[in-house]
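Single-structure report; data block below.
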2 protein chains.
Amino acid sequence: MAKSKLIVQKYGGSSVANAVRIEKVAQRIISCAKRGNRVVVVVSAMGDTTDDLISLARQINSHPSEREMDMLMSTGEQISCSLLAMAIDKRKVPAISFTGPQVGIITDTYHTQAKILKIETERIKKELTRGKIVIVAGFQGLSTALEITTLGRGGSDLSAVAMAVALGADLCEIYTDVEGIYTADPRIVKNARKLSYITFDEMLELASRGAQVMHTRAVEVAKKFNIPLSVRSSFSKKEGTIIMENPSLIEEPVVRGVALADNEAKITICNLPDRPGIAARMFKELACKNINIDMIVQNVSHKRNTDISFTVLKKDLAKTLKISRQIATKIGAGVVLCDETIAKVSVVGVGMRSHSGVAARCFSVLAKNKINIEMISTSEISISCVLKKSSGKKALKALHKAFNLGLEK
Amino acid sequence: MAKSKLIVQKYGGSSVANAVRIEKVAQRIISCAKRGNRVVVVVSAMGDTTDDLISLARQINSHPSEREMDMLMSTGEQISCSLLAMAIDKRKVPAISFTGPQVGIITDTYHTQAKILKIETERIKKELTRGKIVIVAGFQGLSTALEITTLGRGGSDLSAVAMAVALGADLCEIYTDVEGIYTADPRIVKNARKLSYITFDEMLELASRGAQVMHTRAVEVAKKFNIPLSVRSSFSKKEGTIIMENPSLIEEPVVRGVALADNEAKITICNLPDRPGIAARMFKELACKNINIDMIVQNVSHKRNTDISFTVLKKDLAKTLKISRQIATKIGAGVVLCDETIAKVSVVGVGMRSHSGVAARCFSVLAKNKINIEMISTSEISISCVLKKSSGKKALKALHKAFNLGLEK
């Protein structure tokens with residue numbers, strides 16, 4: 001007899017949003033188990049539970065302590081995981097649910113954005129050996145100070161991937177409300193094509209450039225430990241997209257997909273003294289405040305002064321502007337400008353490593369469409385351009401078409 | 001400087017039913033702390049949370065496992081305790097919340113009705129030393145098998161009393177939605193009087209005979225460890241009722257209060273063979289099924305056969321009838337009858353120990369009011385009579401008046 005496979009499945013909030021959906025998910029889990037697999041399930045909070053809890057907290061305290069927020073928010077996944085266990089149990093298949101702390105998901109002590117340090121798998125393995133389906137509350141863990149922590153954005157995906165790593169799972173399936181990873185956002189680009197596979201690196205680039213299906217943290221861990229991820233819909237039987245190491249195909253497409261982000265704002269600090277250490281000082285202070293800088297562009301200097309532009313998430317804009325202006329004053333720079341009406345369009349593909357001319361083609365496609373480029377940033381496998389927000393969708397469609405990514409009509 | 005007092009306060013579900021009430025409770029806790037006391041707070045789930053969670057579970061599984069129910073239900077108190085900590089924190093008074101398992105409330109393994117075995121107080125004491133108000137989720141604990149458990153009915157009161165015992169608290173205050181313990185249910189008896197104190201034994205008798213303010217389990221523990229309980233309203237500043245050991249007053253009232261219960265049903269097994277061991281067999285089987293028998297009455301035998309009547313909670317009636325009929329058949333007894341239209345009226349007072357004639361007075365009061373008594377049961381400090389349900393309130397009022405318990409008009 002073939003050794004049974006160990007599969008970690010993760011279901012997002014929309015997949016377990018109500019009793020009916022929880023029952024559907026239970027059926028799917030059971031059918032996976034009935035095919036002879038051992039199954040560990042990681043589950044998010046039901047639908048809007050987390051948002052509801054946050055709004056309840058804000059009614060009471062507009063700046064609640066992060067430690068208490070974790071106490072509060074972790075209840076969301078505890079509810080969904082116990083309900084899911086009940087739904088499986090009803091179908092005469094034994095299941096058991098665990099909270100993150102209970103099952104030994106050990107994190108550091110950074111409340112609301114903790115990092116997983118290790119997962120103690122003993123208890124899960126014991127229950128699997130007893131023939132049970134194990135349901136684990138995602139998004140949460142127990143800190144080294146014995147406090148309940150949550151993992152921040154994308155936390156349940158991360159719980160699932162880390163669980164798959166710790167258990168040495170054969171596969172990690174991420175069930176969500178879309179059918180997989182597309183060449184572009186199908187809500188914008190009508191003939192976007194679902195990819196049957198994508199490499200970890202490409203997924204990381206797409207995710208950090210606006211594709212919202214998977215959070216980068218989970219993909220990073222999957223890449224590090226080489227755990228293939230299957231991203232698929234909990235509402236359909238269709239195969240999704242496998243995220244994995246580059247398989248040795250003879251010919252790779254040069255560009256895998258394109259992405260659009262419009263949640264960033266651009267800040268420009270004018271007339272910065274062009275001395276060593278000025279930029280470092282600037283970005284160190286911002287990093288200390290936990291502000292994530294995305295693109296940074298500095299042009300050649302004129303008359304010992306230079307301009308630096310960079311982008312940050314809009315949610316961090318107010319904080320960033322305040323700090324930037326303080327620093328600008330201290331170091332004798334000029335005005336600090338900001339622009340919220342920007343969009344960032346990106347082209348991603350591992351094939352770029354061996355193909356030149358992709359950047360040139362990008363720029364010429366945008367130029368042909370009379371779209372002005374404000375900032376450019378490139379990595380080994382991606383090219384990103386900041387544009388006026390109003391041109392974002394047009395740019396995305398034009399690039400998608402130019403690189404022949406769509407379904408043929 | 002006088003040593004600061006350690007006070008355990010417990011707030012019930014109605015006291016923390018919404019954000020506004022949570023803020024009021026926070027103010028009350030803070031004012032207790034500002035008077036120089038160290039304060040540990042035990043809190044129930046907000047308003048109807050527990051009922052909502054139960055109904056959510058039932059949508060998915062009409063017979064969910066008790067272990068998963070505990071996972072689910074324990075979230076209710078986790079939510080309220082973190083919100084309460086946030087509300088206190090907002091007022092610049094340091095507070096920290098803990099779940100039952102987190103703080104070391106160790107129970108046995110009987111899910112949904114676990115018993116507290118011990119409380120590890122180290123973590124609470126550490127936070128108190130740091131000057132924090134400690135908020136603990138009531139109703140829950142961690143079993144010796146490392147599972148989340150809940151304590152069943154009256155569980156949060158029990159958590160509070162056990163906490164007071166473990167910490168060696170000076171006082172345990174139970175905040176609820178009534179102003180204290182009354183000589184009778186003030187919704188029925190208009191001139192019922194709030195008692196300034198009542199003994200543990202009297203409270204136990206009243207609670208097990210229909211007074212719903214305090215659950216017997218919590219009072220039993222308070223009595224065992226001689227922790228005075230103050231029962232009072234979270235909605236008013238008025239003094240409540242102190243439940244304590246009998247203080248040495250020269251003269252005690254003979255009767256402290258009267259109670260009415262209409263949540264029981266009477267079962268009669270006719271023509272039971274009058275042999276030793278028959279009754280034992282009967283009630284042993286019922287005890288095995290966790291059915292709590294209240295009153296038991298057996299009369300003198302006629303022709304080697306006897307009738308046994310007993311009362312059970314209505315919620316257990318169906319199960320009890322089924323078992324009783326099975327046993328009756330096995331042991332050759334006659335028919336098993338049941339009556340759901342009964343009420344039980346009780347007269348309670350420690351003074352009865354030294355006063356005779358209370359029972360006679362009860363019966364004569366009922367007779368004068370043309371109320372027929374169906375069953376009688378007495379303890380050292382109480383007398384209970386089972387009547388037709390329709391006579392219950394009339395009997396309660398008559399007894400309350402006959403023993404001069406009311407406020408003078």
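By convention here, the chains of the structure tokens are called A, B, ... in the order presented, each chain's residues are numbered starting at 1, and ligands are numbered starting at 1 in the order presented.
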
With a cut-off of 9 Å and counting only C-alpha atoms, select all residues of chain B in contact with chain A and give the selection as an mmCIF file with C-alpha atoms, in the first residue's frame.
data_model
loop_
_atom_site.group_PDB
_atom_site.id
_atom_site.type_symbol
_atom_site.label_atom_id
_atom_site.label_comp_id
_atom_site.auth_asym_id
_atom_site.auth_seq_id
_atom_site.Cartn_x
_atom_site.Cartn_y
_atom_site.Cartn_z
ATOM 1 C CA ALA B 19 -19.470 48.954 24.934
ATOM 2 C CA VAL B 20 -21.227 51.536 27.115
ATOM 3 C CA ILE B 22 -18.131 47.872 29.700
ATOM 4 C CA GLU B 23 -16.970 51.470 30.152
ATOM 5 C CA LEU B 53 -22.457 30.819 19.920
ATOM 6 C CA LEU B 56 -24.318 28.969 15.678
ATOM 7 C CA ALA B 57 -23.056 25.527 16.681
ATOM 8 C CA GLN B 59 -26.926 25.321 12.904
ATOM 9 C CA ILE B 60 -23.982 23.121 12.020
ATOM 10 C CA ASN B 61 -24.361 20.134 14.315
ATOM 11 C CA SER B 62 -27.349 19.420 16.546
ATOM 12 C CA HIS B 63 -25.151 17.289 18.825
ATOM 13 C CA PRO B 64 -21.725 18.901 18.780
ATOM 14 C CA SER B 65 -19.014 17.259 20.847
ATOM 15 C CA ARG B 67 -14.952 19.320 23.726
ATOM 16 C CA GLU B 68 -15.598 21.460 20.635
ATOM 17 C CA MET B 69 -18.409 23.325 22.412
ATOM 18 C CA ASP B 70 -15.877 24.354 25.039
ATOM 19 C CA MET B 71 -13.466 25.575 22.344
ATOM 20 C CA LEU B 72 -16.297 27.626 20.910
ATOM 21 C CA MET B 73 -17.937 28.964 24.057
ATOM 22 C CA SER B 74 -14.741 29.991 25.793
ATOM 23 C CA THR B 75 -14.269 32.715 23.156
ATOM 24 C CA GLY B 76 -17.150 34.685 24.700
ATOM 25 C CA GLN B 78 -12.024 36.050 26.045
ATOM 26 C CA ILE B 79 -13.727 38.828 24.077
ATOM 27 C CA SER B 80 -15.259 40.536 27.103
ATOM 28 C CA CYS B 81 -12.091 40.374 29.196
ATOM 29 C CA SER B 82 -9.881 41.902 26.509
ATOM 30 C CA LEU B 83 -12.425 44.681 25.874
ATOM 31 C CA LEU B 84 -12.648 45.424 29.588
ATOM 32 C CA ALA B 85 -8.853 45.654 29.812
ATOM 33 C CA MET B 86 -8.913 48.126 26.891
ATOM 34 C CA ALA B 87 -11.565 50.225 28.619
ATOM 35 C CA ASP B 89 -6.308 51.108 29.875
ATOM 36 C CA LYS B 90 -7.947 54.033 28.107
ATOM 37 C CA ILE B 96 -4.085 43.104 31.628
ATOM 38 C CA SER B 97 -6.502 40.367 30.599
ATOM 39 C CA PHE B 98 -6.023 36.601 30.733
ATOM 40 C CA THR B 99 -7.959 33.598 29.524
ATOM 41 C CA GLN B 102 -3.523 31.144 30.251
ATOM 42 C CA LEU B 146 -4.432 20.430 28.333
ATOM 43 C CA GLU B 147 -7.839 21.030 26.770
ATOM 44 C CA ILE B 148 -9.964 24.151 27.105
#

| said: Please identify the alpha helix (DSSP H) residues within stretch 51-213 of chain B (assignment by DSSP from backbone atoms) and present them as an MDAnalysis selection string. | reply: chainID B and resid 51:60 66:90 100:103 122:129 155:167 200:208

Could you save those same residues with C-alpha atoms as a CSV table (one decimal), in the first residue's frame?
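After the write, again-v4.csv holds the following:
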chain,number,residue,atom,x,y,z
B,51,ASP,CA,-26.4,31.8,23.5
B,52,ASP,CA,-25.4,33.2,20.1
B,53,LEU,CA,-22.5,30.8,19.9
B,54,ILE,CA,-24.6,27.9,20.9
B,55,SER,CA,-27.1,28.6,18.2
B,56,LEU,CA,-24.3,29.0,15.7
B,57,ALA,CA,-23.1,25.5,16.7
B,58,ARG,CA,-26.5,24.0,16.4
B,59,GLN,CA,-26.9,25.3,12.9
B,60,ILE,CA,-24.0,23.1,12.0
B,66,GLU,CA,-18.7,18.8,24.3
B,67,ARG,CA,-15.0,19.3,23.7
B,68,GLU,CA,-15.6,21.5,20.6
B,69,MET,CA,-18.4,23.3,22.4
B,70,ASP,CA,-15.9,24.4,25.0
B,71,MET,CA,-13.5,25.6,22.3
B,72,LEU,CA,-16.3,27.6,20.9
B,73,MET,CA,-17.9,29.0,24.1
B,74,SER,CA,-14.7,30.0,25.8
B,75,THR,CA,-14.3,32.7,23.2
B,76,GLY,CA,-17.1,34.7,24.7
B,77,GLU,CA,-15.3,35.5,27.9
B,78,GLN,CA,-12.0,36.1,26.0
B,79,ILE,CA,-13.7,38.8,24.1
B,80,SER,CA,-15.3,40.5,27.1
B,81,CYS,CA,-12.1,40.4,29.2
B,82,SER,CA,-9.9,41.9,26.5
B,83,LEU,CA,-12.4,44.7,25.9
B,84,LEU,CA,-12.6,45.4,29.6
B,85,ALA,CA,-8.9,45.7,29.8
B,86,MET,CA,-8.9,48.1,26.9
B,87,ALA,CA,-11.6,50.2,28.6
B,88,ILE,CA,-9.5,50.4,31.8
B,89,ASP,CA,-6.3,51.1,29.9
B,90,LYS,CA,-7.9,54.0,28.1
B,100,GLY,CA,-8.7,30.9,32.1
B,101,PRO,CA,-6.2,28.4,30.6
B,102,GLN,CA,-3.5,31.1,30.3
B,103,VAL,CA,-3.7,32.1,33.9
B,122,GLU,CA,1.9,33.1,40.1
B,123,ARG,CA,1.1,35.1,37.0
B,124,ILE,CA,-1.7,37.1,38.6
B,125,LYS,CA,0.4,38.0,41.6
B,126,LYS,CA,3.2,39.2,39.3
B,127,GLU,CA,0.9,41.5,37.5
B,128,LEU,CA,-0.7,42.8,40.7
B,129,THR,CA,2.8,43.5,42.0
B,155,GLY,CA,-19.3,29.0,36.1
B,156,SER,CA,-18.2,32.6,36.2
B,157,ASP,CA,-19.3,33.0,39.8
B,158,LEU,CA,-17.4,29.9,40.6
B,159,SER,CA,-14.3,31.2,38.8
B,160,ALA,CA,-14.5,34.3,40.9
B,161,VAL,CA,-14.9,32.5,44.3
B,162,ALA,CA,-12.1,30.0,43.4
B,163,MET,CA,-9.9,32.9,42.4
B,164,ALA,CA,-10.6,34.7,45.7
B,165,VAL,CA,-9.7,31.5,47.6
B,166,ALA,CA,-6.5,30.9,45.6
B,167,LEU,CA,-5.4,34.5,46.1
B,200,PHE,CA,-23.9,30.5,53.4
B,201,ASP,CA,-26.2,27.7,54.4
B,202,GLU,CA,-29.3,29.8,53.9
B,203,MET,CA,-28.1,31.0,50.5
B,204,LEU,CA,-27.4,27.4,49.5
B,205,GLU,CA,-30.9,26.3,50.5
B,206,LEU,CA,-32.5,29.3,48.7
B,207,ALA,CA,-30.4,28.9,45.6
B,208,SER,CA,-31.2,25.2,45.3

(Q) Quick check, in Å to one decimal: how far apart do atom CA of A:Val136 and atom CA of A:Gly36 lie? (A)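 So the answer is 20.1 Å.
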
Q. Tell me, which residues of stretch 106-280 of chain B carry DSSP strand (DSSP E), written as a PyMOL selection string?
A. chain B and resi 106-107+116-119+133-137+140-143+148-150+171-176+197-199+229-233+241-244+257-261+264-273

Exercise for review: Write out as number ranges by chain which residues come within 8 Å of B:Ser390 when counting only C-alpha atoms, dropping same-chain ones fewer than 2 positions away.
Suggested key: B: 341-343, 388, 392-393

Residues within 9 Å of stretch 302-317 of chain B, please, as a PyMOL selection string. Count only C-alpha atoms; anything in the same chain fewer than 6 positions from it doesn't count. chain B and resi 262-275+279+291-296+333+338+340+375

Check: What is the atom CA of A:Ser364 to atom CA of A:Lys389 distance in Å?
Finding: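 That distance, rounded to one decimal, is 18.9 Å.
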
Separation of atom CA of A:Ser236 from atom CA of A:Lys397 in Å =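 For atom CA of A:Lys397 relative to atom CA of A:Ser236, the distance reads 27.0 Å.
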
Check your understanding: Which residues, written as a list of chain:residue names, have at least one atom at most 10 Å from B:Val365, with only C-alpha atoms counted and residues fewer than 6 positions away on the same chain left out?
Key ->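 Once the nearby chain positions are removed, what remains is B:Ala359, B:Ile371, B:Ala395, B:Ala398, B:Leu399, B:Lys401, B:Ala402, B:Phe403.
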
query: Which of these, A:Gly138, A:Gly154, A:Pro228, A:Gly257, has the shortest distance to A:Val41 once you count only C-alpha atoms?
result: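 For A:Val41, the nearest of the candidates is A:Gly138.
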
Could you build a table of the residues in stretch 320-360 of chain B lying no more than 12 Å from stretch 181-196 of chain B, giving for each the nearest pair of atoms and their separation in Å rounded to one decimal place, using only C-alpha atoms, ordered by chain and ascending residue number, as JSON lines?
{"residue": "B:Val345", "atom": "CA", "partner": "B:Ala184", "partner_atom": "CA", "distance": 10.6}
{"residue": "B:Ser346", "atom": "CA", "partner": "B:Ala184", "partner_atom": "CA", "distance": 10.1}
{"residue": "B:Val347", "atom": "CA", "partner": "B:Ala184", "partner_atom": "CA", "distance": 9.8}
{"residue": "B:Val348", "atom": "CA", "partner": "B:Thr183", "partner_atom": "CA", "distance": 9.5}
{"residue": "B:Gly349", "atom": "CA", "partner": "B:Thr183", "partner_atom": "CA", "distance": 10.4}

Those same residues - C-alpha atoms - I'd like them written as a compact mmCIF listing (two decimals), in the first residue's frame.
# COMPACT_ATOMS: atom_id res chain seq x y z
CA VAL B 345 -42.27 26.55 47.71
CA SER B 346 -39.57 26.67 50.39
CA VAL B 347 -39.02 28.43 53.69
CA VAL B 348 -35.38 28.86 54.71
CA GLY B 349 -33.70 30.09 57.88

**OP:** Have a look at B:Ile331, B:Ala137, B:Ala360, B:Ile227 and name the one nearest to B:Met282; count only C-alpha atoms.
**Re:**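 That would be B:Ile331, the residue with the smallest distance to B:Met282.
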